[in-house]
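S.K.: Pasting a structure below so you can have a look.
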Amino acid sequence: MEATDWIPRILVIDDNLAIHDDFRKILLPSEQDDNASAQRLNDIKNSLFQEESNANLKLPNYKLDFASQGQDALALVKNERDNPYAVAFVDIRMPPGWDGVETIQQIWRVDPYIQMVICTAYSDYSWDETIKKLGESDNLLILKKPFDVIEVRQLAYSLSRKWKIQSQLDVHMTGLENLVTKRTAALETSLALIRSTLESTADGILVVDISGQVVDFNQKFLEMWNMPQAVMQKNNFDSIVEFSSDQLTSPEKLMSVIKSNNETLNIDSFSEVNLKNGKTFEIYSLPHKVRNSIVGRVWDFRDVSERKKMQDALVKEATTDKLTGLPNRSLLYDRIQQAIADAERNKKLLAVIFMDIDRFKLVNDSLGHSMGDYLLRAIARQLSAIVRKSDTVSRLGGDEFVVLLTDLNEKEQVQLVANKILSKIAAPIEVEDHKFSVTGSIGISLYPNDGTTVEALIKNADTAMYASKELGKNMINFYAESMNKKFLTRLTLENDLREGLNRNEIIVFYQPYINLNTSEIIGVEALARWQHPVLGLLQPIEFIDLAEETGLIAQLGEQVLRTACAQNKKWQLAGYKPIQVSVNISSKQLRLTKLDEILKKILTETGLDARYLELELTESAIMDNTETVMTIVKKIKNMGISLSMDDFGTGYSSLNYLRQFPFDKLKIDKSFILNAEANPDNATLVKTIIAMAKSLKLNIIAEGMETEEQREFLKKNDCIEAQGFLFSKPVNSEYIDSLLNAQRSKQAEQGENHAS
């Protein structure tokens, strides 16, 4: 700031007012003054501040204030703190108040930056005494009286400029100090945040400079590696690596990463290492840069042991059968794919053995699902014990197992293993006082003869297994091309059945059951037939199992129910005496459909009263998920529909289920009726069943009555309802219509005769 922009303030402190006037004349010259003194002052300025001569420079402007005593001067200084004085000329003697030294002391306590000039004509104080009282300061000068004008002006000019420069320097220094303080605080905050972040992270952090010296680390790093202080005190990366390597199962992996990082500094690296204690660490390393220069490396260690365990568990769950612990379909397919690649490369054979447990459903139905599960686990253990570690045993689902044999030289090796499998699983198993044995049916496909893909090998082994079942079960069959014809025939029949259901090709035949005493028709059993457009009329044995396996039984059963109910209502509308229509319900119908809702809908649509509908359930149907079936059966019973147990006596726990389920009737299986009149054992069994049914207040009906002798036997033993070829085979609705019509005519005739 130039002098023209800033007017220095000068305070004159002297008890002599004449001195005040002298300072005015010296420092505040009028415009009429000659410029000689101004020019001289300018010359002084040039010599003092090394500035170029300027002939036009005028004497600086000053603002002067005056005080006669030190106390007055102090008051002025206090009042003018916002616009402080640059220079003060102080008389050494100012009786009766403070002298000049004390005045300076008092003023400097308020404003220590004022440039002080002691004005004295006496040696009241020596310089040493003055320094002792005021202290050493470059803000203090002595001016001897009488004054030299130039000397006064020189001091005023020089000291005011010095004060100004010092003030600016102080402001600048204060700003710098504030900036440094602020930036120091920010840096401390940043460092504290970095340290907090470093310590709060779940990762172990290690920072190493380019020479291999440790720069920083966090507590987590020490904990993860159980790093002792003795190692860290060496402050050396090599010592840390040496200690850590002793804990690794494969230390060469870590050494390889370190070597790669040392060879190429500007790279990130990632690796995973396993520790001897079972833990797994991920190691991430990246260059530490300052202004784009690499000064070291940061190492991040993350404990992923729990995550790895969870991942392994998820992989195991995704690739393992929950019941047996064997590889599931997904993992089996992967292993077969790998085995195909190995076999092709090594010119070897591989075999896929497909095994299905014979009559496994009977185990579930008779002994319960828990026993069935036990059996499956036992077979899984047996199969695993037979094969080599390089082979694979898998459960596809249900009672289907697949064994993959690899690295084979000849077909006979597969035959030997298959024989061992059938022999092993046929051994009796004893569980909870139950002793039973099972057999298996096996189909085998070989690579490359029977397929070069996973799907082809599995499909062809499955086809060969079905051939074993058809030939009598407990057999082994290698795949042959001719087997595909049967498979295609079955597949074609399945497609035909789907289309036939949509085209209403399923028709219903009816077999009447009668009162043996009166020969009166009291009901009919509805039996499905398939009017195939090419194969003609197919019996249930030719398509019901297929419908069960494919799930089409639900749609087929609903069609039979609707047709039978509608037909029974039609007979009632024709004026015939009302009879019951009985319809068979399979276990899958109970599981796959909301049967109670379907029945309500059908009865509403057809208008048939529920009491004229009877549902026949087999023992196996109600044993499959008993609690669920019981719930559905109760709903059906509450609707007023009758229930009968079909094929009674062929299961193992029929009496137990007769107590649990609200049956109205049971049907004696035809196998017991056959030769009952001549076979004492059959006769005794039938009599027992009839007696039991009566004790449970159940109606009873016999199936398969084909001779007069059987009819008389049943009547004699109080079984008065039966069905069979002796009276009628299953016939179409028109034939039943004629039987009902004839019965009505006969009853009318008997009524007339009785009336007459």
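Residue numbering restarts at 1 for every chain of the structure tokens, chains are lettered A, B, ... in their displayed order, and ligands are numbered from 1 as they appear.
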Where does DSSP see helix (DSSP H, G or I) in range 400-465 of chain A, if you list the residues as a PyMOL selection string?
M.R.: chain A and resi 411-425+454-465
S.K.: Restricting the output to N, CA and C atoms, write the selected residues as a tab-separated table (two decimals), in the first residue's frame.
M.R.:
chain	number	residue	atom	x	y	z
A	411	LYS	N	-16.24	-105.10	-21.58
A	411	LYS	CA	-17.62	-105.16	-21.13
A	411	LYS	C	-17.78	-106.07	-19.91
A	412	GLU	N	-16.96	-107.12	-19.84
A	412	GLU	CA	-17.10	-108.09	-18.76
A	412	GLU	C	-16.87	-107.46	-17.38
A	413	GLN	N	-16.08	-106.40	-17.32
A	413	GLN	CA	-15.85	-105.71	-16.04
A	413	GLN	C	-17.16	-105.13	-15.50
A	414	VAL	N	-17.97	-104.63	-16.41
A	414	VAL	CA	-19.25	-104.04	-16.01
A	414	VAL	C	-20.20	-105.14	-15.52
A	415	GLN	N	-20.19	-106.28	-16.21
A	415	GLN	CA	-21.06	-107.39	-15.83
A	415	GLN	C	-20.75	-107.84	-14.40
A	416	LEU	N	-19.48	-107.91	-14.06
A	416	LEU	CA	-19.09	-108.34	-12.72
A	416	LEU	C	-19.62	-107.38	-11.65
A	417	VAL	N	-19.49	-106.09	-11.91
A	417	VAL	CA	-19.98	-105.10	-10.94
A	417	VAL	C	-21.49	-105.18	-10.81
A	418	ALA	N	-22.19	-105.31	-11.94
A	418	ALA	CA	-23.66	-105.40	-11.90
A	418	ALA	C	-24.11	-106.62	-11.12
A	419	ASN	N	-23.42	-107.75	-11.30
A	419	ASN	CA	-23.77	-108.97	-10.55
A	419	ASN	C	-23.59	-108.74	-9.05
A	420	LYS	N	-22.48	-108.07	-8.68
A	420	LYS	CA	-22.24	-107.78	-7.27
A	420	LYS	C	-23.36	-106.90	-6.69
A	421	ILE	N	-23.81	-105.94	-7.50
A	421	ILE	CA	-24.87	-105.03	-7.02
A	421	ILE	C	-26.14	-105.81	-6.71
A	422	LEU	N	-26.59	-106.66	-7.65
A	422	LEU	CA	-27.83	-107.41	-7.42
A	422	LEU	C	-27.67	-108.35	-6.23
A	423	SER	N	-26.51	-108.98	-6.11
A	423	SER	CA	-26.28	-109.90	-5.00
A	423	SER	C	-26.27	-109.16	-3.66
A	424	LYS	N	-25.65	-107.98	-3.64
A	424	LYS	CA	-25.52	-107.23	-2.39
A	424	LYS	C	-26.86	-106.72	-1.90
A	425	ILE	N	-27.66	-106.14	-2.78
A	425	ILE	CA	-28.92	-105.54	-2.31
A	425	ILE	C	-29.97	-106.60	-2.01
A	454	VAL	N	-24.09	-87.39	-22.55
A	454	VAL	CA	-24.62	-87.76	-21.24
A	454	VAL	C	-26.07	-88.19	-21.37
A	455	GLU	N	-26.86	-87.40	-22.09
A	455	GLU	CA	-28.28	-87.68	-22.21
A	455	GLU	C	-28.53	-89.03	-22.87
A	456	ALA	N	-27.76	-89.33	-23.90
A	456	ALA	CA	-27.97	-90.59	-24.61
A	456	ALA	C	-27.61	-91.78	-23.73
A	457	LEU	N	-26.52	-91.69	-22.98
A	457	LEU	CA	-26.10	-92.80	-22.13
A	457	LEU	C	-27.11	-93.04	-21.00
A	458	ILE	N	-27.61	-91.97	-20.38
A	458	ILE	CA	-28.60	-92.11	-19.32
A	458	ILE	C	-29.90	-92.69	-19.88
A	459	LYS	N	-30.36	-92.14	-21.00
A	459	LYS	CA	-31.63	-92.59	-21.59
A	459	LYS	C	-31.55	-94.06	-21.99
A	460	ASN	N	-30.47	-94.46	-22.59
A	460	ASN	CA	-30.36	-95.85	-23.06
A	460	ASN	C	-30.19	-96.83	-21.90
A	461	ALA	N	-29.49	-96.41	-20.85
A	461	ALA	CA	-29.41	-97.27	-19.67
A	461	ALA	C	-30.78	-97.41	-19.01
A	462	ASP	N	-31.54	-96.33	-18.98
A	462	ASP	CA	-32.90	-96.36	-18.44
A	462	ASP	C	-33.79	-97.29	-19.26
A	463	THR	N	-33.66	-97.21	-20.57
A	463	THR	CA	-34.43	-98.08	-21.46
A	463	THR	C	-34.09	-99.55	-21.20
A	464	ALA	N	-32.80	-99.85	-21.04
A	464	ALA	CA	-32.39	-101.23	-20.75
A	464	ALA	C	-32.92	-101.69	-19.40
A	465	MET	N	-33.01	-100.76	-18.44
A	465	MET	CA	-33.55	-101.11	-17.12
A	465	MET	C	-35.02	-101.49	-17.23
S.K.: So that I can check the surroundings of range 394-404 of chain A, please list as number ranges by chain every protein, DNA and RNA residue that reaches within 8 Å of it, counting only C-alpha atoms and ignoring chain neighbours fewer than 6 positions away.
M.R.: A: 321, 324, 326-329, 332, 336, 350-357, 360, 376, 380
S.K.: Kindly export the residues of the current selection with N, CA and C atoms, as a tab-separated table (two decimals), in the first residue's frame.
M.R.:
chain	number	residue	atom	x	y	z
A	321	ASP	N	-27.71	-85.52	-2.99
A	321	ASP	CA	-29.03	-86.01	-2.61
A	321	ASP	C	-29.17	-85.93	-1.09
A	324	THR	N	-29.61	-89.58	0.89
A	324	THR	CA	-28.53	-90.56	0.92
A	324	THR	C	-27.14	-89.95	1.00
A	326	LEU	N	-25.55	-89.03	-1.56
A	326	LEU	CA	-24.89	-89.34	-2.83
A	326	LEU	C	-24.96	-88.15	-3.77
A	327	PRO	N	-24.09	-88.11	-4.78
A	327	PRO	CA	-24.23	-87.07	-5.82
A	327	PRO	C	-25.62	-87.13	-6.45
A	328	ASN	N	-26.18	-85.95	-6.72
A	328	ASN	CA	-27.50	-85.92	-7.36
A	328	ASN	C	-27.35	-85.85	-8.88
A	329	ARG	N	-28.46	-85.63	-9.55
A	329	ARG	CA	-28.48	-85.65	-11.01
A	329	ARG	C	-27.49	-84.64	-11.60
A	332	LEU	N	-23.92	-85.79	-11.13
A	332	LEU	CA	-23.71	-87.00	-11.95
A	332	LEU	C	-23.48	-86.62	-13.41
A	336	ILE	N	-20.22	-87.51	-15.63
A	336	ILE	CA	-20.29	-88.31	-16.86
A	336	ILE	C	-19.66	-87.53	-18.02
A	350	LEU	N	-16.50	-96.51	-20.81
A	350	LEU	CA	-17.14	-96.16	-19.55
A	350	LEU	C	-18.55	-96.75	-19.60
A	351	ALA	N	-19.11	-97.01	-18.41
A	351	ALA	CA	-20.43	-97.64	-18.34
A	351	ALA	C	-21.33	-96.84	-17.42
A	352	VAL	N	-22.60	-96.76	-17.81
A	352	VAL	CA	-23.64	-96.17	-16.97
A	352	VAL	C	-24.59	-97.29	-16.58
A	353	ILE	N	-24.65	-97.59	-15.28
A	353	ILE	CA	-25.53	-98.63	-14.76
A	353	ILE	C	-26.75	-97.95	-14.12
A	354	PHE	N	-27.91	-98.23	-14.65
A	354	PHE	CA	-29.16	-97.63	-14.16
A	354	PHE	C	-29.92	-98.72	-13.41
A	355	MET	N	-30.16	-98.51	-12.12
A	355	MET	CA	-30.84	-99.52	-11.31
A	355	MET	C	-32.09	-98.95	-10.65
A	356	ASP	N	-33.16	-99.73	-10.67
A	356	ASP	CA	-34.41	-99.37	-10.03
A	356	ASP	C	-34.78	-100.49	-9.05
A	357	ILE	N	-35.21	-100.13	-7.83
A	357	ILE	CA	-35.59	-101.14	-6.84
A	357	ILE	C	-36.94	-101.73	-7.22
A	360	PHE	N	-40.57	-101.29	-4.94
A	360	PHE	CA	-40.23	-100.41	-3.82
A	360	PHE	C	-41.48	-99.75	-3.23
A	376	LEU	N	-33.39	-97.04	1.29
A	376	LEU	CA	-32.65	-96.30	0.27
A	376	LEU	C	-31.25	-95.92	0.77
A	380	ALA	N	-27.68	-97.19	-0.74
A	380	ALA	CA	-26.65	-96.22	-1.12
A	380	ALA	C	-25.30	-96.61	-0.53
S.K.: Find the spatial neighbours of range 609-613 of chain A, counting only C-alpha atoms, within a cut-off of 7 Å - ignore same-chain residues fewer than 4 positions away - and output them as a VMD selection string.
M.R.: chain A and resid 579 to 582 603 639 to 642
S.K.: Quick one: write out the picked residues with all heavy atoms as a compact mmCIF listing (two decimals), in the first residue's frame?
M.R.:
# COMPACT_ATOMS: atom_id res chain seq x y z
N ILE A 579 -79.79 -96.21 -7.92
CA ILE A 579 -78.70 -97.09 -7.51
C ILE A 579 -77.45 -96.25 -7.30
O ILE A 579 -77.38 -95.09 -7.69
CB ILE A 579 -78.42 -98.17 -8.58
CG1 ILE A 579 -78.03 -97.50 -9.92
CG2 ILE A 579 -79.62 -99.09 -8.75
CD1 ILE A 579 -77.59 -98.48 -10.99
N GLN A 580 -76.46 -96.87 -6.65
CA GLN A 580 -75.18 -96.19 -6.48
C GLN A 580 -74.27 -96.47 -7.67
O GLN A 580 -74.32 -97.56 -8.25
CB GLN A 580 -74.48 -96.67 -5.21
CG GLN A 580 -74.89 -95.93 -3.95
CD GLN A 580 -73.95 -96.21 -2.80
OE1 GLN A 580 -73.32 -97.27 -2.73
NE2 GLN A 580 -73.85 -95.28 -1.86
N VAL A 581 -73.44 -95.46 -8.01
CA VAL A 581 -72.38 -95.68 -8.97
C VAL A 581 -71.06 -95.57 -8.22
O VAL A 581 -70.84 -94.64 -7.45
CB VAL A 581 -72.44 -94.69 -10.15
CG1 VAL A 581 -72.29 -93.25 -9.68
CG2 VAL A 581 -71.37 -95.01 -11.20
N SER A 582 -70.20 -96.56 -8.38
CA SER A 582 -68.93 -96.62 -7.66
C SER A 582 -67.78 -96.30 -8.62
O SER A 582 -67.73 -96.85 -9.73
CB SER A 582 -68.75 -98.01 -7.05
OG SER A 582 -67.53 -98.10 -6.37
N LEU A 603 -71.02 -82.90 -8.82
CA LEU A 603 -72.37 -83.19 -8.30
C LEU A 603 -73.32 -82.04 -8.59
O LEU A 603 -74.50 -82.26 -8.91
CB LEU A 603 -72.30 -83.46 -6.80
CG LEU A 603 -71.59 -84.77 -6.38
CD1 LEU A 603 -71.47 -84.86 -4.87
CD2 LEU A 603 -72.32 -85.99 -6.93
N MET A 639 -69.69 -84.68 2.81
CA MET A 639 -70.56 -84.31 1.69
C MET A 639 -71.69 -85.33 1.50
O MET A 639 -72.62 -85.08 0.74
CB MET A 639 -69.73 -84.22 0.39
CG MET A 639 -68.74 -83.07 0.39
SD MET A 639 -67.53 -83.20 -0.96
CE MET A 639 -68.63 -83.19 -2.38
N GLY A 640 -71.60 -86.49 2.16
CA GLY A 640 -72.62 -87.52 2.01
C GLY A 640 -72.25 -88.61 1.03
O GLY A 640 -73.08 -89.49 0.72
N ILE A 641 -71.03 -88.60 0.53
CA ILE A 641 -70.56 -89.61 -0.41
C ILE A 641 -70.11 -90.85 0.36
O ILE A 641 -69.48 -90.74 1.41
CB ILE A 641 -69.40 -89.06 -1.26
CG1 ILE A 641 -69.87 -87.86 -2.08
CG2 ILE A 641 -68.80 -90.12 -2.16
CD1 ILE A 641 -68.76 -87.13 -2.80
N SER A 642 -70.44 -92.05 -0.15
CA SER A 642 -70.05 -93.29 0.50
C SER A 642 -68.61 -93.65 0.14
O SER A 642 -68.11 -93.27 -0.92
CB SER A 642 -70.97 -94.44 0.07
OG SER A 642 -72.31 -94.17 0.45
S.K.: Taking only C-alpha atoms into account, which of A:Arg359, A:Asn61, A:Val12, A:Arg153 comes nearest Leu76 in chain A?
M.R.: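 Comparing A:Arg359, A:Asn61, A:Val12, A:Arg153 against Leu76 in chain A, the winner is A:Val12.
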S.K.: Mind checking which residues fall within 12 Å of range 126-130 of chain A, counting only C-alpha atoms, ignoring those fewer than 2 positions away in the same chain, and posting them as a PyMOL selection string?
M.R.: chain A and resi 92+99-102+104-105+118+120+122-124+132-137+140-142
S.K.: Excluding Lys637 in chain A and its own-chain neighbours fewer than 5 positions away, which residues fall within 10 Å of it when counting only C-alpha atoms? Please give them as a count of residues only.
M.R.: 11
S.K.: If you count only C-alpha atoms, which residues fall within 12 Å of Tyr576 in chain A, apart from same-chain ones fewer than 4 positions away, as a compact mmCIF listing (two decimals) with all heavy atoms, in the first residue's frame?
M.R.:
# COMPACT_ATOMS: atom_id res chain seq x y z
N ILE A 521 -80.18 -105.49 -9.18
CA ILE A 521 -79.02 -104.60 -9.33
C ILE A 521 -79.12 -103.49 -8.29
O ILE A 521 -80.11 -102.74 -8.26
CB ILE A 521 -78.97 -103.99 -10.74
CG1 ILE A 521 -78.82 -105.08 -11.81
CG2 ILE A 521 -77.84 -102.97 -10.84
CD1 ILE A 521 -78.90 -104.56 -13.23
N ILE A 522 -78.10 -103.40 -7.42
CA ILE A 522 -78.11 -102.36 -6.37
C ILE A 522 -77.06 -101.28 -6.62
O ILE A 522 -77.01 -100.28 -5.91
CB ILE A 522 -77.90 -103.00 -4.99
CG1 ILE A 522 -76.60 -103.82 -4.95
CG2 ILE A 522 -79.10 -103.87 -4.61
CD1 ILE A 522 -76.29 -104.40 -3.60
N GLY A 523 -76.23 -101.51 -7.61
CA GLY A 523 -75.22 -100.52 -7.94
C GLY A 523 -74.38 -100.97 -9.12
O GLY A 523 -74.49 -102.11 -9.58
N ASN A 568 -75.60 -91.81 -14.09
CA ASN A 568 -76.47 -92.27 -13.01
C ASN A 568 -77.69 -91.37 -12.86
O ASN A 568 -78.82 -91.84 -12.65
CB ASN A 568 -75.69 -92.32 -11.69
CG ASN A 568 -76.35 -93.20 -10.66
OD1 ASN A 568 -77.24 -94.00 -10.97
ND2 ASN A 568 -75.93 -93.07 -9.41
N LYS A 569 -77.47 -90.07 -13.00
CA LYS A 569 -78.59 -89.14 -12.94
C LYS A 569 -79.54 -89.37 -14.12
O LYS A 569 -80.78 -89.29 -13.97
CB LYS A 569 -78.06 -87.70 -12.95
CG LYS A 569 -79.15 -86.65 -12.83
CD LYS A 569 -79.87 -86.73 -11.49
CE LYS A 569 -80.91 -85.65 -11.34
NZ LYS A 569 -81.63 -85.75 -10.03
N LYS A 570 -78.98 -89.70 -15.26
CA LYS A 570 -79.80 -89.96 -16.45
C LYS A 570 -80.70 -91.18 -16.22
O LYS A 570 -81.87 -91.20 -16.61
CB LYS A 570 -78.88 -90.19 -17.65
CG LYS A 570 -79.60 -90.34 -18.98
CD LYS A 570 -78.58 -90.45 -20.11
CE LYS A 570 -79.28 -90.62 -21.45
NZ LYS A 570 -78.32 -90.76 -22.57
N TRP A 571 -80.15 -92.23 -15.57
CA TRP A 571 -80.96 -93.41 -15.27
C TRP A 571 -82.09 -93.06 -14.30
O TRP A 571 -83.21 -93.55 -14.43
CB TRP A 571 -80.08 -94.52 -14.66
CG TRP A 571 -79.21 -95.21 -15.68
CD1 TRP A 571 -79.50 -95.47 -16.98
CD2 TRP A 571 -77.89 -95.71 -15.47
NE1 TRP A 571 -78.46 -96.10 -17.62
CE2 TRP A 571 -77.46 -96.27 -16.69
CE3 TRP A 571 -77.03 -95.76 -14.37
CZ2 TRP A 571 -76.21 -96.87 -16.84
CZ3 TRP A 571 -75.81 -96.37 -14.52
CH2 TRP A 571 -75.39 -96.91 -15.75
N GLN A 572 -81.79 -92.21 -13.34
CA GLN A 572 -82.84 -91.80 -12.39
C GLN A 572 -83.93 -91.03 -13.10
O GLN A 572 -85.13 -91.23 -12.84
CB GLN A 572 -82.22 -90.96 -11.26
CG GLN A 572 -81.30 -91.75 -10.33
CD GLN A 572 -80.68 -90.87 -9.25
OE1 GLN A 572 -81.07 -89.72 -9.10
NE2 GLN A 572 -79.73 -91.44 -8.51
N GLN A 580 -76.46 -96.87 -6.65
CA GLN A 580 -75.18 -96.19 -6.48
C GLN A 580 -74.27 -96.47 -7.67
O GLN A 580 -74.32 -97.56 -8.25
CB GLN A 580 -74.48 -96.67 -5.21
CG GLN A 580 -74.89 -95.93 -3.95
CD GLN A 580 -73.95 -96.21 -2.80
OE1 GLN A 580 -73.32 -97.27 -2.73
NE2 GLN A 580 -73.85 -95.28 -1.86
N ILE A 736 -76.54 -101.56 -19.58
CA ILE A 736 -77.05 -101.39 -18.22
C ILE A 736 -78.47 -100.86 -18.26
O ILE A 736 -79.35 -101.26 -17.48
CB ILE A 736 -76.14 -100.44 -17.41
CG1 ILE A 736 -74.74 -101.04 -17.22
CG2 ILE A 736 -76.75 -100.11 -16.05
CD1 ILE A 736 -74.69 -102.29 -16.39
N ASP A 737 -78.72 -99.96 -19.20
CA ASP A 737 -80.06 -99.40 -19.36
C ASP A 737 -81.07 -100.52 -19.63
O ASP A 737 -82.17 -100.55 -19.06
CB ASP A 737 -80.06 -98.39 -20.52
CG ASP A 737 -81.33 -97.57 -20.57
OD1 ASP A 737 -81.45 -96.62 -19.77
OD2 ASP A 737 -82.21 -97.91 -21.37
N SER A 738 -80.68 -101.48 -20.48
CA SER A 738 -81.58 -102.59 -20.79
C SER A 738 -81.79 -103.49 -19.59
O SER A 738 -82.90 -104.00 -19.35
CB SER A 738 -81.03 -103.39 -21.97
OG SER A 738 -79.81 -104.04 -21.62
N LEU A 739 -80.71 -103.68 -18.77
CA LEU A 739 -80.85 -104.51 -17.57
C LEU A 739 -81.77 -103.84 -16.56
O LEU A 739 -82.62 -104.51 -15.92
CB LEU A 739 -79.47 -104.74 -16.94
CG LEU A 739 -78.48 -105.63 -17.70
CD1 LEU A 739 -77.15 -105.70 -16.96
CD2 LEU A 739 -79.05 -107.03 -17.89
N LEU A 740 -81.62 -102.54 -16.38
CA LEU A 740 -82.47 -101.82 -15.44
C LEU A 740 -83.93 -101.81 -15.92
O LEU A 740 -84.87 -101.92 -15.12
CB LEU A 740 -81.97 -100.38 -15.26
CG LEU A 740 -80.63 -100.22 -14.53
CD1 LEU A 740 -80.19 -98.77 -14.55
CD2 LEU A 740 -80.73 -100.72 -13.09
N ASN A 741 -84.08 -101.69 -17.22
CA ASN A 741 -85.43 -101.69 -17.79
C ASN A 741 -86.09 -103.05 -17.58
O ASN A 741 -87.27 -103.15 -17.20
CB ASN A 741 -85.36 -101.34 -19.27
CG ASN A 741 -86.74 -101.13 -19.86
OD1 ASN A 741 -87.59 -100.49 -19.23
ND2 ASN A 741 -86.97 -101.67 -21.05
N ALA A 742 -85.32 -104.12 -17.82
CA ALA A 742 -85.86 -105.48 -17.63
C ALA A 742 -86.19 -105.71 -16.17
O ALA A 742 -87.22 -106.34 -15.83
CB ALA A 742 -84.85 -106.50 -18.12
N GLN A 743 -85.32 -105.21 -15.28
CA GLN A 743 -85.56 -105.37 -13.85
C GLN A 743 -86.82 -104.64 -13.43
O GLN A 743 -87.63 -105.15 -12.64
CB GLN A 743 -84.35 -104.86 -13.08
CG GLN A 743 -84.47 -104.97 -11.57
CD GLN A 743 -83.19 -104.60 -10.86
OE1 GLN A 743 -82.23 -105.36 -10.90
NE2 GLN A 743 -83.17 -103.43 -10.24
N ARG A 744 -87.00 -103.43 -13.99
CA ARG A 744 -88.20 -102.66 -13.64
C ARG A 744 -89.45 -103.37 -14.12
O ARG A 744 -90.46 -103.44 -13.40
CB ARG A 744 -88.10 -101.27 -14.26
CG ARG A 744 -89.32 -100.38 -13.97
CD ARG A 744 -89.11 -98.98 -14.47
NE ARG A 744 -88.87 -98.94 -15.90
CZ ARG A 744 -88.65 -97.81 -16.58
NH1 ARG A 744 -88.63 -96.65 -15.93
NH2 ARG A 744 -88.43 -97.83 -17.88
N SER A 745 -89.40 -103.95 -15.31
CA SER A 745 -90.57 -104.67 -15.85
C SER A 745 -90.89 -105.89 -15.00
O SER A 745 -92.07 -106.19 -14.71
CB SER A 745 -90.29 -105.09 -17.30
OG SER A 745 -90.06 -103.96 -18.11
N GLN A 747 -90.14 -106.36 -11.84
CA GLN A 747 -90.66 -105.95 -10.55
C GLN A 747 -92.11 -105.49 -10.67
O GLN A 747 -92.95 -105.75 -9.78
CB GLN A 747 -89.79 -104.83 -9.96
CG GLN A 747 -88.42 -105.30 -9.50
CD GLN A 747 -87.52 -104.16 -9.09
OE1 GLN A 747 -87.79 -103.00 -9.40
NE2 GLN A 747 -86.43 -104.49 -8.39
N ALA A 748 -92.43 -104.84 -11.79
CA ALA A 748 -93.81 -104.40 -12.01
C ALA A 748 -94.73 -105.61 -12.16
O ALA A 748 -95.86 -105.65 -11.62
CB ALA A 748 -93.88 -103.51 -13.25
S.K.: Would you return as a ChimeraX atom specification the members of range 507-685 of chain A that DSSP assigns to strand (DSSP E) on this structure's backbone?
M.R.: /A:507-515,521-532,536-538,580-585,613-618,642-648,665-668
S.K.: I'd like the interatomic distance between CA of Glu499 in chain A and CA of Ala547 in chain A, to a tenth of an Å.
M.R.: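 Going from CA of Glu499 in chain A over to CA of Ala547 in chain A, I get 12.4 Å.
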